[in-house]
$ cat coords-v5.cif   # mmCIF, C-alpha atoms
data_upload
#
loop_
_atom_site.label_atom_id
_atom_site.label_comp_id
_atom_site.auth_asym_id
_atom_site.auth_seq_id
_atom_site.Cartn_x
_atom_site.Cartn_y
_atom_site.Cartn_z
CA MET A 1 42.75 0.52 62.21
CA ILE A 2 40.02 3.17 62.31
CA ALA A 3 40.98 4.39 58.86
CA ARG A 4 40.73 0.85 57.49
CA ARG A 5 37.28 0.37 59.04
CA SER A 6 36.13 3.66 57.54
CA ALA A 7 37.33 2.57 54.11
CA VAL A 8 35.47 -0.74 54.43
CA LEU A 9 32.32 1.08 55.58
CA ARG A 10 32.47 3.43 52.60
CA MET A 11 32.88 0.48 50.26
CA VAL A 12 29.88 -1.32 51.80
CA LEU A 13 27.73 1.82 51.51
CA LEU A 14 28.77 2.26 47.89
CA LEU A 15 27.86 -1.35 47.10
CA LEU A 16 24.46 -0.88 48.79
CA VAL A 17 23.77 2.23 46.68
CA ILE A 18 24.71 0.37 43.49
CA LEU A 19 22.58 -2.64 44.48
CA SER A 20 19.59 -0.38 45.24
CA PHE A 21 19.93 1.31 41.86
CA VAL A 22 20.08 -2.04 40.05
CA LEU A 23 17.02 -3.35 41.90
CA PHE A 24 15.10 -0.16 41.12
CA TYR A 25 16.06 -0.48 37.44
CA LEU A 26 14.99 -4.12 37.24
CA LEU A 27 11.70 -3.51 39.04
CA GLY A 28 10.94 -0.63 36.69
CA TYR A 29 11.54 -2.67 33.56
CA TYR A 30 10.37 -6.15 34.44
CA TYR A 31 7.46 -5.52 36.77
CA LEU A 32 4.44 -7.35 35.36
CA PRO A 33 0.96 -5.84 35.73
CA ALA A 34 -1.88 -7.95 37.04
CA ASP A 35 -2.76 -9.41 33.62
CA GLY A 36 0.75 -10.88 33.29
CA ASN A 37 1.35 -9.31 29.89
CA ARG A 38 5.10 -8.85 29.46
CA ASN A 39 4.59 -6.41 26.61
CA TYR A 40 2.36 -4.10 28.66
CA ALA A 41 5.09 -1.73 29.84
CA ARG A 42 6.67 -1.45 26.42
CA ASN A 43 3.40 -0.89 24.62
CA GLN A 44 2.22 1.68 27.15
CA TYR A 45 5.40 3.63 26.51
CA LEU A 46 4.83 3.45 22.77
CA LEU A 47 1.19 4.47 23.00
CA GLU A 48 1.20 6.98 25.84
CA GLY A 49 4.82 8.04 25.84
CA ALA A 50 6.17 11.53 25.80
CA SER A 51 5.44 14.07 23.10
CA ARG A 52 7.16 14.03 19.74
CA GLU A 53 9.53 16.72 20.99
CA ALA A 54 10.54 14.56 23.94
CA LEU A 55 10.94 11.56 21.63
CA LEU A 56 13.24 13.56 19.35
CA ARG A 57 15.31 14.73 22.32
CA ARG A 58 15.67 11.11 23.35
CA LEU A 59 16.71 10.02 19.84
CA LYS A 60 19.17 12.89 19.55
CA THR A 61 20.85 11.74 22.75
CA ILE A 62 21.03 8.03 22.10
CA LEU A 63 21.99 8.23 18.41
CA ASN A 64 24.53 11.07 18.80
CA CYS A 65 24.76 11.55 15.01
CA ASN A 66 25.76 14.42 12.73
CA THR A 67 23.56 15.81 9.96
CA PRO A 68 25.54 16.05 6.69
CA SER A 69 25.29 18.79 4.09
CA ASN A 70 22.94 18.25 1.17
CA GLU A 71 24.71 20.64 -1.21
CA PHE A 72 25.40 19.63 -4.81
CA GLN A 73 28.78 18.02 -5.41
CA LEU A 74 30.43 16.76 -8.60
CA GLU A 75 32.57 13.78 -7.65
CA THR A 76 34.27 10.68 -9.00
CA HIS A 77 33.05 7.37 -7.62
CA GLY A 78 35.13 4.43 -8.79
CA ASP A 79 34.75 4.33 -12.58
CA HIS A 80 31.85 6.79 -12.52
CA TYR A 81 31.16 10.49 -12.31
CA LEU A 82 28.64 11.28 -9.60
CA LEU A 83 26.31 14.28 -9.41
CA ARG A 84 25.59 14.01 -5.69
CA ASN A 85 22.48 15.93 -4.63
CA PHE A 86 21.68 16.86 -8.20
CA TYR A 87 18.42 17.83 -6.61
CA ALA A 88 17.96 17.93 -2.83
CA PRO A 89 15.16 19.43 -0.70
CA GLU A 90 15.96 22.88 0.64
CA GLN A 91 15.03 22.02 4.21
CA LEU A 92 17.49 19.83 6.08
CA VAL A 93 16.13 16.99 8.19
CA HIS A 94 18.02 16.26 11.39
CA CYS A 95 19.83 12.93 11.28
CA TYR A 96 17.99 11.55 14.31
CA GLU A 97 14.40 12.50 13.56
CA THR A 98 13.40 10.04 10.83
CA ILE A 99 14.62 7.27 8.50
CA ALA A 100 15.76 7.71 4.90
CA TYR A 101 14.67 5.20 2.28
CA THR A 102 17.72 4.73 0.04
CA THR A 103 17.27 3.19 -3.36
CA HIS A 104 18.44 3.05 -6.96
CA GLY A 105 17.32 2.60 -10.57
CA ASP A 106 17.36 4.30 -13.92
CA TYR A 107 14.79 6.70 -15.38
CA THR A 108 12.46 3.83 -16.37
CA PHE A 109 11.77 3.19 -12.67
CA LEU A 110 10.78 6.74 -11.75
CA ASP A 111 7.07 5.96 -11.85
CA ASN A 112 7.65 4.26 -8.48
CA VAL A 113 8.69 7.48 -6.74
CA VAL A 114 5.26 8.83 -5.85
CA PRO A 115 3.61 5.53 -4.77
CA LEU A 116 6.65 4.87 -2.59
CA LEU A 117 6.66 8.40 -1.20
CA GLU A 118 2.94 8.37 -0.37
CA ARG A 119 3.54 5.43 1.95
CA TRP A 120 6.92 6.55 3.34
CA LEU A 121 6.31 10.30 3.85
CA ALA A 122 9.96 10.86 4.75
CA PRO A 123 13.31 11.39 2.98
CA ILE A 124 14.07 9.21 -0.04
CA SER A 125 17.57 9.14 -1.53
CA ILE A 126 17.60 7.84 -5.13
CA ALA A 127 20.72 7.07 -7.17
CA LEU A 128 19.91 7.04 -10.89
CA TYR A 129 22.17 5.35 -13.42
CA ALA A 130 22.20 7.82 -16.33
CA PRO A 131 24.80 7.07 -19.05
CA GLY A 132 24.81 9.13 -22.25
CA VAL A 133 21.42 10.50 -23.28
CA ASP A 134 19.79 8.70 -20.36
CA LEU A 135 20.89 11.67 -18.28
CA ASP A 136 18.81 14.01 -20.48
CA ARG A 137 15.81 11.72 -20.04
CA SER A 138 16.38 11.38 -16.30
CA VAL A 139 16.46 15.16 -15.88
CA ALA A 140 13.29 15.57 -17.95
CA LEU A 141 11.40 13.12 -15.74
CA ILE A 142 12.80 14.62 -12.53
CA GLN A 143 11.61 17.99 -13.77
CA TYR A 144 8.13 16.55 -14.32
CA LEU A 145 8.05 15.11 -10.80
CA LEU A 146 9.18 18.41 -9.27
CA GLU A 147 7.04 20.77 -11.33
CA CYS A 148 4.05 18.96 -12.82
CA HIS A 149 3.05 15.87 -10.89
CA GLU A 150 0.02 16.31 -8.62
CA GLN A 151 2.21 15.21 -5.71
CA ARG A 152 5.07 17.55 -6.65
CA ALA A 153 5.05 19.21 -3.22
CA LEU A 154 5.84 15.87 -1.57
CA VAL A 155 8.61 15.18 -4.09
CA ARG A 156 10.18 18.60 -3.52
CA ASP A 157 10.05 18.17 0.26
CA PHE A 158 11.46 14.67 0.56
CA VAL A 159 13.28 13.28 -2.49
CA SER A 160 16.96 13.76 -3.32
CA PHE A 161 18.27 12.62 -6.71
CA HIS A 162 21.88 11.59 -7.40
CA LEU A 163 22.94 10.84 -10.99
CA TYR A 164 25.94 8.74 -12.00
CA PHE A 165 27.49 7.46 -15.24
CA GLU A 166 30.74 5.89 -16.45
CA PHE A 167 33.66 8.05 -17.57
CA GLU A 168 33.17 6.87 -21.16
CA HIS A 169 29.41 7.63 -21.25
CA LEU A 170 29.28 11.38 -20.71
CA PRO A 171 26.07 13.36 -21.18
CA THR A 172 25.46 15.32 -24.37
CA ARG A 173 25.74 18.75 -22.67
CA PRO A 174 27.66 20.32 -19.76
CA VAL A 175 26.45 19.43 -16.28
CA SER A 176 25.72 23.12 -15.63
CA TYR A 177 23.08 23.04 -18.38
CA TYR A 178 21.07 20.34 -16.59
CA ARG A 179 21.46 22.06 -13.25
CA GLU A 180 20.05 25.28 -14.71
CA LEU A 181 17.05 23.42 -16.14
CA LEU A 182 15.91 22.53 -12.63
CA SER A 183 16.39 26.09 -11.39
CA ILE A 184 13.92 27.54 -13.92
CA PRO A 185 10.23 26.99 -13.04
CA LEU A 186 8.14 25.50 -15.84
CA VAL A 187 5.44 27.80 -17.22
CA ASP A 188 3.77 25.03 -19.22
CA CYS A 189 3.80 21.35 -18.27
CA THR A 190 2.73 20.06 -21.67
CA ASN A 191 6.19 19.03 -22.89
CA ALA A 192 7.18 17.57 -19.52
CA THR A 193 3.97 15.54 -19.37
CA ASN A 194 4.48 14.26 -22.91
CA ALA A 195 8.05 13.25 -22.05
CA TRP A 196 6.83 11.40 -18.95
CA ASN A 197 4.17 9.49 -20.89
CA SER A 198 6.40 8.57 -23.82
CA LEU A 199 9.50 7.57 -21.86
CA LEU A 200 7.59 5.43 -19.36
CA ARG A 201 5.29 3.77 -21.89
CA ASN A 202 5.20 0.01 -21.31
CA ASP A 203 4.80 -1.29 -24.86
CA ASN A 204 6.83 -2.01 -27.98
CA SER A 205 6.68 1.64 -29.06
CA SER A 206 8.63 2.89 -26.04
CA ILE A 207 11.99 4.55 -26.70
CA PRO A 208 14.91 2.26 -25.79
CA SER A 209 17.24 3.65 -23.15
CA PHE A 210 20.92 4.33 -23.86
CA ARG A 211 21.69 1.52 -21.43
CA ALA A 212 19.49 -0.97 -23.32
CA ALA A 213 20.60 0.18 -26.79
CA ASN A 214 24.26 -0.28 -25.83
CA ASN A 215 23.69 -3.50 -23.87
CA LEU A 216 25.20 -2.05 -20.67
CA THR A 217 24.96 -4.07 -17.48
CA TYR A 218 23.32 -2.30 -14.58
CA PRO A 219 25.81 -1.40 -11.78
CA VAL A 220 23.26 -2.04 -9.06
CA ASN A 221 25.63 -1.89 -6.11
CA VAL A 222 27.16 1.39 -7.22
CA GLY A 223 23.68 2.87 -6.97
CA ARG A 224 23.02 1.25 -3.60
CA ASN A 225 26.22 2.63 -2.09
CA ILE A 226 25.71 6.13 -3.52
CA ALA A 227 22.11 6.41 -2.30
CA ARG A 228 22.99 5.17 1.17
CA SER A 229 26.06 7.39 1.56
CA ALA A 230 24.07 10.45 0.44
CA ALA A 231 21.29 9.97 3.00
CA GLY A 232 21.06 12.60 5.70
CA THR A 233 19.77 10.37 8.49
CA HIS A 234 21.37 7.97 10.94
CA PHE A 235 18.96 5.13 10.14
CA VAL A 236 18.42 4.09 6.52
CA LEU A 237 16.24 1.51 4.83
CA ALA A 238 18.37 0.40 1.87
CA SER A 239 15.88 -1.19 -0.49
CA ASP A 240 14.80 -1.53 -4.11
CA ILE A 241 12.57 1.15 -5.59
CA GLU A 242 9.74 -1.27 -6.41
CA LEU A 243 9.44 -2.43 -2.79
CA TYR A 244 6.85 -0.41 -0.89
CA PRO A 245 6.87 -0.30 2.97
CA ASN A 246 3.77 -0.36 5.14
CA PRO A 247 2.57 3.16 6.08
CA ASN A 248 3.37 4.41 9.61
CA PHE A 249 6.50 2.28 9.74
CA ILE A 250 8.77 5.16 10.76
CA PRO A 251 6.94 6.39 13.90
CA MET A 252 6.49 2.81 15.08
CA PHE A 253 10.18 2.02 14.60
CA LEU A 254 11.46 5.23 16.21
CA ARG A 255 9.25 4.81 19.28
CA MET A 256 10.51 1.25 19.61
CA ILE A 257 14.18 2.13 19.25
CA ALA A 258 13.87 5.02 21.73
CA HIS A 259 12.59 2.74 24.47
CA PRO A 260 15.31 1.66 26.93
CA PHE A 261 14.15 -1.95 26.53
CA TYR A 262 15.70 -1.99 23.04
CA GLN A 263 18.80 0.08 23.76
CA TYR A 264 20.95 -3.04 23.72
CA THR A 265 20.51 -3.30 19.95
CA LEU A 266 22.39 -0.04 19.49
CA HIS A 267 25.52 -1.35 21.19
CA SER A 268 26.28 -4.34 18.99
CA PRO A 269 26.29 -4.88 15.20
CA SER A 270 22.55 -4.94 14.51
CA VAL A 271 20.05 -4.43 11.69
CA TYR A 272 16.24 -4.56 11.73
CA VAL A 273 14.65 -6.83 9.13
CA LEU A 274 11.39 -6.34 7.23
CA PRO A 275 9.80 -9.45 5.66
CA VAL A 276 9.13 -8.99 1.92
CA PHE A 277 6.15 -10.09 -0.19
CA GLU A 278 4.68 -9.95 -3.70
CA VAL A 279 1.09 -9.46 -4.82
CA ALA A 280 -0.71 -10.42 -8.02
CA GLU A 281 -0.96 -7.98 -10.93
CA ASP A 282 -4.55 -6.85 -10.22
CA VAL A 283 -4.19 -6.59 -6.43
CA SER A 284 -3.61 -3.38 -4.47
CA VAL A 285 -0.49 -3.26 -2.32
CA PRO A 286 -1.73 -3.89 1.27
CA VAL A 287 -1.58 -0.94 3.66
CA ASP A 288 -1.23 -2.88 6.91
CA LYS A 289 -0.44 -6.35 8.17
CA ALA A 290 -4.09 -7.38 8.53
CA HIS A 291 -4.67 -6.74 4.82
CA LEU A 292 -1.43 -8.49 3.95
CA LEU A 293 -2.52 -11.59 5.86
CA GLU A 294 -5.85 -11.57 4.01
CA ASP A 295 -4.02 -11.50 0.68
CA LEU A 296 -1.71 -14.32 1.78
CA GLN A 297 -4.72 -16.38 2.86
CA SER A 298 -6.49 -15.85 -0.49
CA GLY A 299 -3.36 -16.55 -2.54
CA ASP A 300 -3.19 -12.99 -3.87
CA ALA A 301 0.13 -12.50 -2.07
CA ILE A 302 3.18 -14.72 -1.64
CA LYS A 303 6.61 -14.44 -0.06
CA PHE A 304 9.03 -12.40 -2.17
CA HIS A 305 10.69 -14.48 -4.90
CA GLU A 306 8.86 -17.58 -3.68
CA LYS A 307 8.84 -18.85 -7.27
CA ILE A 308 12.54 -18.01 -7.78
CA CYS A 309 14.44 -18.45 -4.50
CA SER A 310 12.06 -18.99 -1.59
CA ASN A 311 14.76 -19.44 1.06
CA CYS A 312 16.48 -16.17 0.09
CA HIS A 313 13.75 -14.03 1.65
CA THR A 314 12.00 -16.23 4.23
CA VAL A 315 12.57 -14.68 7.65
CA PRO A 316 13.28 -16.80 10.74
CA GLY A 317 10.12 -17.42 12.76
CA TYR A 318 7.96 -16.77 9.68
CA VAL A 319 4.99 -18.92 10.78
CA GLU A 320 4.94 -17.23 14.19
CA TRP A 321 5.34 -13.81 12.50
CA LEU A 322 2.09 -14.42 10.63
CA ALA A 323 0.28 -14.93 13.93
CA VAL A 324 1.26 -11.50 15.33
CA VAL A 325 -1.39 -8.92 14.42
CA LYS A 326 -1.48 -5.51 16.11
CA ASP A 327 -4.04 -2.74 15.90
CA ASP A 328 -2.28 -0.27 18.20
CA TYR A 329 0.52 0.96 15.88
CA THR A 330 3.29 -0.51 18.00
CA MET A 331 6.36 -2.44 16.96
CA ASP A 332 8.60 -4.97 18.66
CA ILE A 333 11.42 -7.29 17.69
CA HIS A 334 9.80 -10.61 16.81
CA VAL A 335 12.96 -12.71 16.82
CA THR A 336 16.71 -12.19 16.58
CA ALA A 337 18.55 -14.44 14.15
CA TRP A 338 21.88 -14.90 12.42
CA ARG A 339 22.79 -15.62 8.83
CA GLU A 340 23.71 -19.27 9.37
CA GLY A 341 22.23 -22.77 9.30
CA ALA A 342 18.99 -22.77 7.32
CA TYR A 343 19.47 -19.03 6.71
CA ALA A 344 23.07 -19.18 5.46
CA TYR A 345 22.01 -17.77 2.06
CA TRP A 346 19.43 -15.34 3.39
CA GLU A 347 19.26 -11.91 1.66
CA PRO A 348 17.27 -9.78 4.12
CA ILE A 349 16.28 -6.18 3.56
CA TYR A 350 16.63 -4.11 6.70
CA VAL A 351 16.88 -0.81 8.48
CA GLY A 352 20.53 -0.20 9.28
CA THR A 353 22.89 2.75 9.27
CA LYS A 354 25.35 4.27 6.83
CA HIS A 355 28.11 2.51 8.74
CA GLU A 356 27.32 -1.04 7.61
CA PRO A 357 29.79 -2.62 5.15
CA GLU A 358 29.36 -1.51 1.54
CA TYR A 359 27.93 -3.54 -1.32
CA ASP A 360 30.51 -4.95 -3.74
CA GLU A 361 30.40 -2.65 -6.77
CA ARG A 362 31.90 -5.22 -9.14
CA LEU A 363 28.65 -7.19 -9.11
CA SER A 364 25.87 -6.47 -11.60
CA TRP A 365 22.12 -6.81 -11.33
CA GLU A 366 22.07 -9.18 -14.31
CA GLY A 367 24.40 -11.65 -12.58
CA LYS A 368 22.18 -11.96 -9.49
CA ALA A 369 23.29 -12.71 -5.91
CA ASP A 370 24.46 -9.07 -5.79
CA LYS A 371 23.73 -8.74 -2.04
CA MET A 372 25.13 -12.15 -1.09
CA THR A 373 28.69 -10.97 -0.46
CA LEU A 374 27.52 -8.27 1.95
CA GLY A 375 25.49 -10.85 3.86
CA PHE A 376 28.60 -13.05 4.10
CA ILE A 377 30.64 -10.18 5.56
CA MET A 378 27.90 -9.34 8.08
CA CYS A 379 27.78 -12.98 9.15
CA ILE A 380 31.54 -13.01 9.77
CA LEU A 381 31.24 -9.77 11.76
CA GLY A 382 28.57 -11.32 13.97
CA TYR A 383 25.61 -9.11 13.05
CA ASP A 384 22.29 -9.61 14.82
CA PHE A 385 19.31 -9.60 12.44
CA HIS A 386 16.28 -8.40 14.42
CA VAL A 387 13.06 -9.31 12.60
CA LEU A 388 10.37 -6.66 13.18
CA ASP A 389 6.85 -7.87 13.97
CA ASN A 390 4.88 -5.01 12.44
CA GLY A 391 6.89 -3.91 9.41
CA PHE A 392 7.00 -5.34 5.90
CA LEU A 393 7.71 -4.54 2.26
CA VAL A 394 5.59 -5.45 -0.76
CA HIS A 395 6.77 -5.42 -4.37
CA ARG A 396 4.66 -3.37 -6.76
CA ALA A 397 1.85 -5.48 -8.20
CA GLY A 398 2.97 -8.37 -10.39
CA ILE A 399 4.59 -11.68 -9.43
CA LYS A 400 7.85 -12.47 -11.22
CA THR A 401 8.41 -16.02 -12.50
CA ILE A 402 11.70 -17.90 -12.67
CA ALA A 403 11.64 -17.66 -16.47
CA GLN A 404 11.55 -13.86 -16.30
CA ALA A 405 14.47 -13.76 -13.87
CA ASN A 406 16.65 -16.37 -15.56
CA ARG A 407 19.93 -15.13 -17.11
CA PRO A 408 22.06 -18.30 -17.06
CA HIS A 409 25.26 -17.05 -18.72
CA GLN A 410 25.56 -13.90 -16.60
CA GLN A 411 24.53 -15.75 -13.44
CA ALA A 412 27.15 -18.46 -13.94
CA LYS A 413 29.89 -15.93 -14.65
CA GLN A 414 29.07 -13.82 -11.58
CA ARG A 415 28.70 -16.86 -9.32
CA THR A 416 32.17 -18.08 -10.36
CA PHE A 417 33.64 -14.62 -9.68
CA ILE A 418 32.04 -14.54 -6.24
CA GLN A 419 33.22 -18.02 -5.29
CA GLU A 420 36.74 -17.86 -6.71
CA THR A 421 37.70 -14.22 -6.14
CA ILE A 422 35.47 -12.30 -3.75
CA ALA A 423 35.16 -15.11 -1.18
CA ARG A 424 38.95 -15.31 -0.90
CA GLU A 425 39.24 -11.52 -0.56
CA ILE A 426 36.62 -11.43 2.20
CA SER A 427 38.34 -14.22 4.14
CA THR A 428 41.62 -12.32 3.92
CA LEU A 429 40.08 -9.01 5.01
CA TYR A 430 37.57 -10.16 7.62
CA GLY A 431 38.64 -13.68 8.59
CA ASP A 432 36.35 -16.70 8.77
CA ARG A 433 33.47 -17.69 11.03
CA GLU A 434 31.93 -21.12 11.40
CA GLY A 435 28.54 -21.36 9.73
CA CYS A 436 29.02 -18.37 7.39
CA LYS A 437 28.57 -19.21 3.71
CA ILE A 438 28.53 -17.41 0.39
#
$ encode --input "coords-v5.cif" --output "structure tokens"
Amino acid sequence: MIARRSAVLRMVLLLLVILSFVLFYLLGYYYLPADGNRNYARNQYLLEGASREALLRRLKTILNCNTPSNEFQLETHGDHYLLRNFYAPEQLVHCYETIAYTTHGDYTFLDNVVPLLERWLAPISIALYAPGVDLDRSVALIQYLLECHEQRALVRDFVSFHLYFEFEHLPTRPVSYYRELLSIPLVDCTNATNAWNSLLRNDNSSIPSFRAANNLTYPVNVGRNIARSAAGTHFVLASDIELYPNPNFIPMFLRMIAHPFYQYTLHSPSVYVLPVFEVAEDVSVPVDKAHLLEDLQSGDAIKFHEKICSNCHTVPGYVEWLAVVKDDYTMDIHVTAWREGAYAYWEPIYVGTKHEPEYDERLSWEGKADKMTLGFIMCILGYDFHVLDNGFLVHRAGIKTIAQANRPHQQAKQRTFIQETIAREISTLYGDREGCKI
């Protein structure tokens, strides 16, 4: 009898301890200051929180990630040869301390590297499609960026380049030759500068690429998967090279994600969405949300692809998102949404991890809807799409029209392949979920 009473007493005491801990936790997180501002506690943490060292210790603990090697590797990737880390910065960045911007293109897009880097100021992983002589041209322009550009120090510190090409489109010389070119410092930048200017000239006298001359389709999702898999960080922003993020995005995001208030997002399938915009040809890319809103008000900026597929990039809660303006360099989740209902064909761009499902590499850029199948899979898997209130992307100046983007034959062919083949495969592999569409 006494033993049973003792056991009951111990159980009651244990329950009281647990209840006290829970009450303490709730009071600490949900106590409202006198002004009734529910964001006060969060924002105070973001503004006055611990030092960067303490923040990094926190991120290291909660992310529990491993930093991969950035050594050069010659690999096969599907139907392609891959020169992974053809160039990589010497200094490794810990996987938890920043976010890698992962992107893709061919050598004709390399003039975006520095403008992107000046805003990002963190690792960028670029997969370059380089069939045939395009590899020679890619290496020449990489050499210019590393040795001759006025921002070459930034490029050397942050950018990793990965080159890939089909088995049947080998380069003109051995891979070792191109590797040695980057190991020898340039004494004179004249030739490299001339190559940069001639290869990136935007007029009828520009030299056609091997890809264009041979009418090769662009394997956009091969590049996306390579760049993302080669990143050295836990968090990645998988985006297109002409989309520029707002400066200071990374510190705002990391302070947000380190706060216990947002820990729940790390324990379920989640990504963090950035709204995307375009600006007119003669308009500077806005540096913060206040400037972006001014451009939207004047008509100098519009939602991304508003003239092509407005619903594809309109974020949930868009009108309310426009009303949130911060001047304290903080970030919160504006709204959490799912890819269903009015957003069933949404193609968001987001911060995620290297563990999200891969892009389907059978789809080409020319056929469009190349991210749609991934969105369908994420819908079936029940992903939460957290729209960020103080982050955005803006396409380099120039608004694309529907006529420029229209490729009816390739679009029809790819759409049929998606509907008749890939949709069935996805249903077999992942099952079905009500409201998910492709």
$ resolve_selection --input "coords-v5.cif" --expression "the PyMOL selection byres ((chain A and resi 321) around 12)" --output "list in words"
Leu274, Pro275, Lys289, Leu293, Thr314, Val315, Pro316, Gly317, Tyr318, Val319, Glu320, Leu322, Ala323, Val324, Val325, Lys326, Asp332, Ile333, His334, Val335, Val387, Leu388, Asp389, Asn390, Gly391 and Phe392 of chain A
$ atom_distance --input "coords-v5.cif" --atom1 "CA of Cys379 (chain A)" --atom2 "CA of Glu361 (chain A)"
19.2 Å
$ atom_distance --input "coords-v5.cif" --atom1 "CA of Ile126 (chain A)" --atom2 "CA of Leu146 (chain A)"
14.1 Å
$ closest_residue --input "coords-v5.cif" --among "A:Ile399, A:Met256, A:Val271, A:Leu266" --to "Phe304 (chain A)" --atoms "only C-alpha atoms"
A:Ile399
$ atom_distance --input "coords-v5.cif" --atom1 "CA of Cys65 (chain A)" --atom2 "CA of Ile241 (chain A)"
26.1 Å
$ resolve_selection --input "coords-v5.cif" --expression "the PyMOL selection byres ((chain A and resi 352) around 12)" --output "number ranges by chain"
A: 99-102, 228, 231, 233-239, 253, 265-266, 269-274, 348-351, 353-358, 378, 383-386
$ resolve_selection --input "coords-v5.cif" --expression "the PyMOL selection byres ((chain A and resi 72) around 8)" --output "list of chain:residue names"
A:Asn70, A:Glu71, A:Gln73, A:Leu74, A:Leu83, A:Arg84, A:Asn85, A:Phe86, A:Tyr87, A:Ala88
$ write_last_selection --input "coords-v5.cif" --atoms "C-alpha atoms" --output "compact mmCIF listing (two decimals), keeping the file's coordinate frame"
# COMPACT_ATOMS: atom_id res chain seq x y z
CA ASN A 70 22.94 18.25 1.17
CA GLU A 71 24.71 20.64 -1.21
CA GLN A 73 28.78 18.02 -5.41
CA LEU A 74 30.43 16.76 -8.60
CA LEU A 83 26.31 14.28 -9.41
CA ARG A 84 25.59 14.01 -5.69
CA ASN A 85 22.48 15.93 -4.63
CA PHE A 86 21.68 16.86 -8.20
CA TYR A 87 18.42 17.83 -6.61
CA ALA A 88 17.96 17.93 -2.83
$ closest_residue --input "coords-v5.cif" --among "A:Lys368, A:Lys303, A:His169, A:Arg156" --to "Asn406 (chain A)" --atoms "all atoms listed in the file"
A:Lys368
$ build_atoms --input "coords-v5.cif" --residues "region 387-391 of chain A" --atoms "all heavy atoms" --output "CSV table (one decimal), in the frame of the given file"
chain,number,residue,atom,x,y,z
A,387,VAL,N,14.2,-9.3,13.5
A,387,VAL,CA,13.1,-9.3,12.6
A,387,VAL,C,11.9,-8.5,13.3
A,387,VAL,O,11.6,-8.8,14.4
A,387,VAL,CB,12.6,-10.7,12.3
A,387,VAL,CG1,11.4,-10.7,11.4
A,387,VAL,CG2,13.7,-11.5,11.6
A,388,LEU,N,11.4,-7.5,12.6
A,388,LEU,CA,10.4,-6.7,13.2
A,388,LEU,C,9.0,-7.3,13.0
A,388,LEU,O,8.7,-7.9,12.0
A,388,LEU,CB,10.4,-5.3,12.5
A,388,LEU,CG,11.7,-4.5,12.6
A,388,LEU,CD1,11.7,-3.3,11.8
A,388,LEU,CD2,12.0,-4.2,14.1
A,389,ASP,N,8.1,-7.2,14.0
A,389,ASP,CA,6.8,-7.9,14.0
A,389,ASP,C,5.8,-7.1,13.3
A,389,ASP,O,4.7,-7.7,12.9
A,389,ASP,CB,6.4,-8.2,15.4
A,389,ASP,CG,6.0,-7.0,16.3
A,389,ASP,OD1,6.2,-5.9,15.8
A,389,ASP,OD2,5.6,-7.2,17.4
A,390,ASN,N,6.0,-5.8,13.0
A,390,ASN,CA,4.9,-5.0,12.4
A,390,ASN,C,5.4,-4.1,11.3
A,390,ASN,O,4.9,-3.0,11.1
A,390,ASN,CB,4.2,-4.1,13.5
A,390,ASN,CG,2.8,-3.8,13.1
A,390,ASN,OD1,2.2,-4.3,12.2
A,390,ASN,ND2,2.2,-2.8,13.8
A,391,GLY,N,6.4,-4.6,10.6
A,391,GLY,CA,6.9,-3.9,9.4
A,391,GLY,C,7.1,-4.9,8.3
A,391,GLY,O,7.4,-6.1,8.5
